[in-house]
Amino acid sequence: MHKAGFVNIIGNPNVGKSTLMNAFIGEKLSIITSKAQTTRHRILGIVNGEDFQVILSDTPGIIKPAYQLQESMMDFVKSAFEDADVLIYMVEIGEKELKDDAFFKKITNSKIPVLLLLNKIDTSNQEQLEEQSELWQSKVPNAEFFPISATEGFNVQNVFDRIIELLPESPAFYPKDQLTDKPERFFVNEAIREKILMHYKKEIPYAVEVDTEEFFEEEDIIRMRSVIMVERETQKGIIIGHKGSALKRVGVEARKDLEKFFGKQVHLELYVKVNKNWRSNQNQLKRFGYNQR
Ligand SMILES: Nc1nc2c(ncn2[C@@H]2O[C@H](COP(=O)(O)OP(=O)(O)OP(=O)(O)O)[C@@H](O)[C@H]2O)c(=O)[nH]1
Ligand SMILES: [Mg+2]
């Protein structure tokens, strides 16, 4: 018997959804930072076994959208409700509620199995853990409950085993050697965006989009050229920094990650361009793979 299906991870920003997906995959597929709204796309991560294929979806954290980009991000979350065979709803220690009532109702009224994961239990004591476990189980009574730590790997294998049990009998949906649905360039963009989230403050990371224009694989090196887009001229100066030092740091750190990811030497060229108000422009959003409507 072969089992396969879609397991979609949803929850508030910054609770650890991408960390969990990477833990299941065993690779750094999704970028992870301490800032909210790190993930902007729905990213598939596929775990293949001889008699199973688990197709995980990492999704953006649920927010009330304030501009077009965020609306497109929430469309990815919506789509994750539509095709799930198993829904993973992740919350973190100390969290009060989901930032969207309609999505929360969808979870509590779900006809498909819901796994409720209380993450970051490594940061809590026994008393807090018990109190939080009770709270969340009463809020989502239709779910199966697992306290976990995605970074420490606590209970992660048990969740995975339960997923396999819950998956329907089905042939594989993707070739068994496929790891994701995203092209190589997407991971280049993301590696660069991760460094920008890490090193720049306030609104800067949220005004940035990265587009990899060139990706040439040679025998022992991959040559890439990517453009970092910002919304305004002032932001461009901040990204570049004094004598280009800030941009250089982004390039060096992203290159190191990409060399690990591709298992090959990487040459990465970066430049910065103003793309006025791209976050609110339908055509630009479509071009960057956000708008599916
Ligand atoms: N202490 C602790 N920190 C964790 C754990 N899981 C994730 N984190 C941290 O929480 C932060 C957010 O993790 P992400 O995986 O990026 O969270 P996310 O839910 O994907 O966030 P968005 O993409 O912004 O919605 C990072 O700093 C992680 O290192 C955990 O089990 N314990
Ligand atoms: Mg994420």
# chains A, B, ... in the order shown; residues from 1 in each chain; ligands from 1

call {"tool": "residues_around", "arguments": {"residues": "Gly5 in chain A", "least_positions_apart": "3", "cutoff": "12 Å", "atoms": "only C-alpha atoms", "output": "VMD selection string"}}
result
chain A and resid 2 8 44 to 48 52 to 57 83 to 87 163 to 174

call {"tool": "write_last_selection", "arguments": {"atoms": "C-alpha atoms", "output": "compact mmCIF listing (two decimals), in the first residue's frame"}}
result
# COMPACT_ATOMS: atom_id res chain seq x y z
CA HIS A 2 1.23 3.51 -0.87
CA ASN A 8 -0.50 22.14 5.13
CA LEU A 44 6.07 22.79 -0.93
CA GLY A 45 8.51 20.51 0.82
CA ILE A 46 8.22 16.87 -0.16
CA VAL A 47 9.27 13.96 2.05
CA ASN A 48 9.56 10.75 0.07
CA PHE A 52 4.68 7.26 1.20
CA GLN A 53 4.94 10.80 -0.08
CA VAL A 54 4.19 13.62 2.34
CA ILE A 55 3.71 16.94 0.55
CA LEU A 56 4.12 19.63 3.17
CA SER A 57 3.16 23.24 2.57
CA ASP A 83 -6.37 20.97 -0.74
CA ALA A 84 -5.19 19.72 2.66
CA ASP A 85 -5.53 16.07 3.63
CA VAL A 86 -4.17 16.94 7.06
CA LEU A 87 -4.05 20.42 8.53
CA ILE A 163 0.83 12.20 9.64
CA ILE A 164 1.72 8.97 7.86
CA GLU A 165 -1.09 7.17 9.67
CA LEU A 166 -3.60 9.84 8.65
CA LEU A 167 -2.60 10.07 4.98
CA PRO A 168 -4.99 8.53 2.45
CA GLU A 169 -4.03 5.64 0.26
CA SER A 170 -2.81 7.19 -2.98
CA PRO A 171 -0.06 7.03 -5.56
CA ALA A 172 2.64 9.72 -5.41
CA PHE A 173 1.74 13.15 -6.80
CA TYR A 174 5.32 14.15 -7.64

call {"tool": "residues_near_ligand", "arguments": {"ligand": "ligand 2", "cutoff": "10 Å", "atoms": "only C-alpha atoms and all ligand atoms", "output": "ChimeraX atom specification"}}
result
/A:9-21,30-43,58-61

call {"tool": "write_last_selection", "arguments": {"atoms": "C-alpha atoms", "output": "PDB file, in the first residue's frame"}}
result
ATOM      1  CA  ILE A   9       1.016  24.146   7.968  1.00  0.00           C
ATOM      2  CA  ILE A  10      -0.788  27.302   9.060  1.00  0.00           C
ATOM      3  CA  GLY A  11      -0.669  29.657  12.030  1.00  0.00           C
ATOM      4  CA  ASN A  12       0.290  33.112  13.233  1.00  0.00           C
ATOM      5  CA  PRO A  13       3.518  34.780  12.033  1.00  0.00           C
ATOM      6  CA  ASN A  14       6.757  33.714  13.703  1.00  0.00           C
ATOM      7  CA  VAL A  15       5.402  30.653  15.535  1.00  0.00           C
ATOM      8  CA  GLY A  16       7.893  28.316  13.822  1.00  0.00           C
ATOM      9  CA  LYS A  17       6.067  26.958  10.759  1.00  0.00           C
ATOM     10  CA  SER A  18       9.101  27.130   8.487  1.00  0.00           C
ATOM     11  CA  THR A  19      11.341  25.675  11.188  1.00  0.00           C
ATOM     12  CA  LEU A  20       9.037  22.664  11.432  1.00  0.00           C
ATOM     13  CA  MET A  21       8.893  22.163   7.691  1.00  0.00           C
ATOM     14  CA  SER A  30      12.348  27.705   3.915  1.00  0.00           C
ATOM     15  CA  ILE A  31      14.113  30.735   5.297  1.00  0.00           C
ATOM     16  CA  ILE A  32      13.766  31.365   9.025  1.00  0.00           C
ATOM     17  CA  THR A  33      14.234  34.609  10.917  1.00  0.00           C
ATOM     18  CA  SER A  34      13.082  36.082  14.201  1.00  0.00           C
ATOM     19  CA  LYS A  35      10.920  38.603  12.306  1.00  0.00           C
ATOM     20  CA  ALA A  36       7.250  38.162  11.474  1.00  0.00           C
ATOM     21  CA  GLN A  37       6.225  37.708   7.827  1.00  0.00           C
ATOM     22  CA  THR A  38       9.423  35.965   6.850  1.00  0.00           C
ATOM     23  CA  THR A  39       7.577  33.560   4.564  1.00  0.00           C
ATOM     24  CA  ARG A  40       5.644  35.182   1.712  1.00  0.00           C
ATOM     25  CA  HIS A  41       4.799  32.219  -0.486  1.00  0.00           C
ATOM     26  CA  ARG A  42       3.307  28.798  -0.220  1.00  0.00           C
ATOM     27  CA  ILE A  43       6.335  26.531  -0.455  1.00  0.00           C
ATOM     28  CA  ASP A  58       4.809  26.046   4.450  1.00  0.00           C
ATOM     29  CA  THR A  59       2.632  29.152   4.325  1.00  0.00           C
ATOM     30  CA  PRO A  60       2.878  32.832   5.348  1.00  0.00           C
ATOM     31  CA  GLY A  61       1.803  33.668   8.893  1.00  0.00           C
TER      32      GLY A  61
END

call {"tool": "residues_around", "arguments": {"residues": "Leu117 in chain A", "least_positions_apart": "6", "cutoff": "10 Å", "atoms": "only C-alpha atoms", "output": "ChimeraX atom specification"}}
result
/A:9,11,17,88-92,133,136,143-150,155-156,159

call {"tool": "write_last_selection", "arguments": {"atoms": "N, CA and C atoms", "output": "PDB file, in the first residue's frame"}}
result
ATOM      1  N   ILE A   9       0.683  23.562   6.659  1.00  0.00           N
ATOM      2  CA  ILE A   9       1.016  24.146   7.968  1.00  0.00           C
ATOM      3  C   ILE A   9       0.568  25.604   7.994  1.00  0.00           C
ATOM      4  N   GLY A  11      -0.727  29.102  10.677  1.00  0.00           N
ATOM      5  CA  GLY A  11      -0.669  29.657  12.030  1.00  0.00           C
ATOM      6  C   GLY A  11      -0.250  31.111  11.975  1.00  0.00           C
ATOM      7  N   LYS A  17       6.571  27.813  11.836  1.00  0.00           N
ATOM      8  CA  LYS A  17       6.067  26.958  10.759  1.00  0.00           C
ATOM      9  C   LYS A  17       7.184  26.508   9.818  1.00  0.00           C
ATOM     10  N   ILE A  88      -2.092  21.187   9.708  1.00  0.00           N
ATOM     11  CA  ILE A  88      -1.314  21.425  10.922  1.00  0.00           C
ATOM     12  C   ILE A  88      -1.544  22.864  11.342  1.00  0.00           C
ATOM     13  N   TYR A  89      -2.100  23.025  12.526  1.00  0.00           N
ATOM     14  CA  TYR A  89      -2.293  24.374  13.070  1.00  0.00           C
ATOM     15  C   TYR A  89      -1.255  24.568  14.168  1.00  0.00           C
ATOM     16  N   MET A  90      -0.330  25.494  13.924  1.00  0.00           N
ATOM     17  CA  MET A  90       0.745  25.699  14.886  1.00  0.00           C
ATOM     18  C   MET A  90       0.535  26.956  15.711  1.00  0.00           C
ATOM     19  N   VAL A  91       0.672  26.797  17.019  1.00  0.00           N
ATOM     20  CA  VAL A  91       0.649  27.950  17.934  1.00  0.00           C
ATOM     21  C   VAL A  91       1.940  27.907  18.746  1.00  0.00           C
ATOM     22  N   GLU A  92       2.249  29.017  19.401  1.00  0.00           N
ATOM     23  CA  GLU A  92       3.461  29.005  20.217  1.00  0.00           C
ATOM     24  C   GLU A  92       3.132  29.327  21.672  1.00  0.00           C
ATOM     25  N   SER A 133      -1.334  24.010  27.423  1.00  0.00           N
ATOM     26  CA  SER A 133      -1.873  22.801  26.782  1.00  0.00           C
ATOM     27  C   SER A 133      -3.380  22.739  26.986  1.00  0.00           C
ATOM     28  N   TRP A 136      -5.227  25.526  24.852  1.00  0.00           N
ATOM     29  CA  TRP A 136      -5.325  25.292  23.416  1.00  0.00           C
ATOM     30  C   TRP A 136      -6.189  24.093  23.073  1.00  0.00           C
ATOM     31  N   ALA A 143      -9.063  18.990  17.385  1.00  0.00           N
ATOM     32  CA  ALA A 143      -7.695  18.663  16.952  1.00  0.00           C
ATOM     33  C   ALA A 143      -7.037  17.627  17.855  1.00  0.00           C
ATOM     34  N   GLU A 144      -6.045  16.955  17.282  1.00  0.00           N
ATOM     35  CA  GLU A 144      -5.140  16.131  18.090  1.00  0.00           C
ATOM     36  C   GLU A 144      -3.990  17.011  18.517  1.00  0.00           C
ATOM     37  N   PHE A 145      -3.628  16.921  19.779  1.00  0.00           N
ATOM     38  CA  PHE A 145      -2.712  17.894  20.363  1.00  0.00           C
ATOM     39  C   PHE A 145      -1.298  17.312  20.547  1.00  0.00           C
ATOM     40  N   PHE A 146      -0.293  18.085  20.140  1.00  0.00           N
ATOM     41  CA  PHE A 146       1.111  17.702  20.366  1.00  0.00           C
ATOM     42  C   PHE A 146       1.915  18.916  20.842  1.00  0.00           C
ATOM     43  N   PRO A 147       2.465  18.873  22.045  1.00  0.00           N
ATOM     44  CA  PRO A 147       3.440  19.902  22.413  1.00  0.00           C
ATOM     45  C   PRO A 147       4.753  19.575  21.722  1.00  0.00           C
ATOM     46  N   ILE A 148       5.392  20.541  21.091  1.00  0.00           N
ATOM     47  CA  ILE A 148       6.631  20.241  20.371  1.00  0.00           C
ATOM     48  C   ILE A 148       7.682  21.341  20.562  1.00  0.00           C
ATOM     49  N   SER A 149       8.895  21.014  20.180  1.00  0.00           N
ATOM     50  CA  SER A 149       9.910  22.038  19.970  1.00  0.00           C
ATOM     51  C   SER A 149      10.547  21.766  18.617  1.00  0.00           C
ATOM     52  N   ALA A 150      10.273  22.651  17.666  1.00  0.00           N
ATOM     53  CA  ALA A 150      10.776  22.431  16.301  1.00  0.00           C
ATOM     54  C   ALA A 150      12.289  22.577  16.245  1.00  0.00           C
ATOM     55  N   ASN A 155       9.353  15.739  19.897  1.00  0.00           N
ATOM     56  CA  ASN A 155       8.038  15.263  19.416  1.00  0.00           C
ATOM     57  C   ASN A 155       7.840  15.376  17.904  1.00  0.00           C
ATOM     58  N   VAL A 156       8.842  15.854  17.192  1.00  0.00           N
ATOM     59  CA  VAL A 156       8.702  16.052  15.745  1.00  0.00           C
ATOM     60  C   VAL A 156       8.489  14.711  15.031  1.00  0.00           C
ATOM     61  N   VAL A 159       4.933  13.442  15.512  1.00  0.00           N
ATOM     62  CA  VAL A 159       3.975  14.136  14.643  1.00  0.00           C
ATOM     63  C   VAL A 159       4.059  13.554  13.236  1.00  0.00           C
TER      64      VAL A 159
END

call {"tool": "select_by_dssp", "arguments": {"residues": "range 193-274 of chain A", "states": "helix (DSSP H, G or I)", "output": "ChimeraX atom specification"}}
result
/A:193-199,204-207,233-240,242-262

call {"tool": "write_last_selection", "arguments": {"atoms": "N, CA and C atoms", "output": "short mmCIF file (atom, residue, chain, number, x, y, z; two decimals), in the first residue's frame"}}
result
data_model
loop_
_atom_site.label_atom_id
_atom_site.label_comp_id
_atom_site.auth_asym_id
_atom_site.auth_seq_id
_atom_site.Cartn_x
_atom_site.Cartn_y
_atom_site.Cartn_z
N ARG A 193 16.89 37.44 0.66
CA ARG A 193 15.87 38.11 1.47
C ARG A 193 16.05 37.79 2.95
N GLU A 194 16.49 36.58 3.24
CA GLU A 194 16.73 36.23 4.65
C GLU A 194 17.77 37.16 5.27
N LYS A 195 18.86 37.40 4.54
CA LYS A 195 19.92 38.27 5.08
C LYS A 195 19.41 39.70 5.24
N ILE A 196 18.53 40.11 4.35
CA ILE A 196 17.97 41.46 4.47
C ILE A 196 17.06 41.56 5.70
N LEU A 197 16.27 40.51 5.93
CA LEU A 197 15.44 40.48 7.14
C LEU A 197 16.30 40.53 8.39
N MET A 198 17.46 39.88 8.33
CA MET A 198 18.31 39.81 9.51
C MET A 198 19.05 41.12 9.79
N HIS A 199 19.44 41.84 8.75
CA HIS A 199 20.36 42.95 8.95
C HIS A 199 19.77 44.35 8.82
N ILE A 204 12.28 48.32 6.16
CA ILE A 204 13.14 47.97 5.01
C ILE A 204 12.90 46.55 4.48
N PRO A 205 12.97 45.51 5.33
CA PRO A 205 12.80 44.16 4.76
C PRO A 205 11.44 43.96 4.10
N TYR A 206 10.44 44.68 4.58
CA TYR A 206 9.10 44.50 4.04
C TYR A 206 8.90 45.22 2.71
N ALA A 207 9.82 46.14 2.42
CA ALA A 207 9.75 46.88 1.15
C ALA A 207 10.63 46.23 0.09
N GLU A 233 13.83 55.57 -3.26
CA GLU A 233 15.24 55.93 -3.43
C GLU A 233 16.01 55.91 -2.09
N THR A 234 15.39 56.41 -1.02
CA THR A 234 16.07 56.44 0.29
C THR A 234 16.39 55.03 0.78
N GLN A 235 15.49 54.10 0.47
CA GLN A 235 15.71 52.72 0.90
C GLN A 235 16.89 52.11 0.15
N LYS A 236 17.08 52.54 -1.08
CA LYS A 236 18.20 52.02 -1.88
C LYS A 236 19.53 52.35 -1.19
N GLY A 237 19.66 53.60 -0.75
CA GLY A 237 20.88 54.01 -0.05
C GLY A 237 21.13 53.21 1.21
N ILE A 238 20.06 52.93 1.93
CA ILE A 238 20.20 52.16 3.18
C ILE A 238 20.65 50.73 2.88
N ILE A 239 20.08 50.14 1.85
CA ILE A 239 20.46 48.75 1.50
C ILE A 239 21.94 48.70 1.13
N ILE A 240 22.41 49.67 0.36
CA ILE A 240 23.80 49.65 -0.09
C ILE A 240 24.76 49.96 1.06
N HIS A 242 27.26 52.40 3.71
CA HIS A 242 28.46 53.21 3.54
C HIS A 242 29.48 52.48 2.65
N LYS A 243 29.82 53.05 1.56
CA LYS A 243 30.76 52.47 0.58
C LYS A 243 30.39 51.03 0.17
N GLY A 244 29.09 50.76 0.23
CA GLY A 244 28.63 49.44 -0.22
C GLY A 244 28.79 48.33 0.81
N SER A 245 29.16 48.71 2.05
CA SER A 245 29.49 47.68 3.04
C SER A 245 28.29 46.81 3.43
N ALA A 246 27.13 47.44 3.55
CA ALA A 246 25.95 46.67 4.00
C ALA A 246 25.54 45.66 2.93
N LEU A 247 25.54 46.10 1.69
CA LEU A 247 25.18 45.21 0.59
C LEU A 247 26.18 44.07 0.46
N LYS A 248 27.44 44.41 0.69
CA LYS A 248 28.49 43.38 0.59
C LYS A 248 28.25 42.27 1.60
N ARG A 249 27.88 42.68 2.82
CA ARG A 249 27.62 41.67 3.85
C ARG A 249 26.49 40.74 3.44
N VAL A 250 25.42 41.30 2.89
CA VAL A 250 24.31 40.48 2.41
C VAL A 250 24.81 39.47 1.38
N GLY A 251 25.63 39.97 0.44
CA GLY A 251 26.13 39.11 -0.63
C GLY A 251 27.00 37.98 -0.12
N VAL A 252 27.89 38.30 0.80
CA VAL A 252 28.81 37.27 1.32
C VAL A 252 28.04 36.20 2.08
N GLU A 253 27.11 36.64 2.94
CA GLU A 253 26.38 35.67 3.77
C GLU A 253 25.42 34.82 2.93
N ALA A 254 24.75 35.46 1.98
CA ALA A 254 23.83 34.70 1.12
C ALA A 254 24.61 33.69 0.28
N ARG A 255 25.77 34.11 -0.21
CA ARG A 255 26.58 33.20 -1.04
C ARG A 255 26.96 31.95 -0.24
N LYS A 256 27.35 32.16 1.00
CA LYS A 256 27.74 31.00 1.83
C LYS A 256 26.58 30.01 1.98
N ASP A 257 25.39 30.55 2.24
CA ASP A 257 24.22 29.68 2.37
C ASP A 257 23.92 28.96 1.06
N LEU A 258 24.06 29.68 -0.04
CA LEU A 258 23.73 29.09 -1.34
C LEU A 258 24.74 28.01 -1.72
N GLU A 259 25.99 28.20 -1.32
CA GLU A 259 26.99 27.17 -1.60
C GLU A 259 26.64 25.88 -0.86
N LYS A 260 26.13 26.05 0.35
CA LYS A 260 25.69 24.87 1.11
C LYS A 260 24.48 24.24 0.44
N PHE A 261 23.54 25.09 0.07
CA PHE A 261 22.27 24.61 -0.50
C PHE A 261 22.49 23.86 -1.81
N PHE A 262 23.32 24.42 -2.69
CA PHE A 262 23.53 23.80 -4.00
C PHE A 262 24.71 22.83 -4.01
#

call {"tool": "residues_around", "arguments": {"residues": "Glu209 in chain A", "least_positions_apart": "4", "cutoff": "9 Å", "atoms": "only C-alpha atoms", "output": "number ranges by chain"}}
result
A: 189, 193, 205, 227-230, 278-279, 288

call {"tool": "atom_distance", "arguments": {"atom1": "CA of Glu71 in chain A", "atom2": "CA of Tyr290 in chain A"}}
result
9.4 Å

call {"tool": "closest_residue", "arguments": {"among": "A:Ile121, A:Met74, A:Ile112, A:Ala23", "to": "ligand 1", "atoms": "only C-alpha atoms and all ligand atoms"}}
result
A:Ile121

call {"tool": "closest_residue", "arguments": {"among": "A:Ile25, A:Val210, A:Met1, A:Ile93", "to": "Thr180 in chain A", "atoms": "only C-alpha atoms"}}
result
A:Ile25

call {"tool": "select_by_dssp", "arguments": {"residues": "range 1-153 of chain A", "states": "strand (DSSP E)", "output": "PyMOL selection string"}}
result
chain A and resi 3-11+43-49+52-58+86-92+114-119+144-147

call {"tool": "atom_distance", "arguments": {"atom1": "CA of Phe216 in chain A", "atom2": "CA of Lys286 in chain A"}}
result
24.2 Å

call {"tool": "closest_residue", "arguments": {"among": "A:Phe6, A:Phe154, A:Tyr67, A:Phe24", "to": "ligand 1", "atoms": "only C-alpha atoms and all ligand atoms"}}
result
A:Phe154

call {"tool": "closest_residue", "arguments": {"among": "A:Lys139, A:Ile62, A:Val272, A:Gly241", "to": "Tyr200 in chain A", "atoms": "only C-alpha atoms"}}
result
A:Gly241

call {"tool": "atom_distance", "arguments": {"atom1": "CA of Tyr271 in chain A", "atom2": "CA of Leu29 in chain A"}}
result
24.1 Å
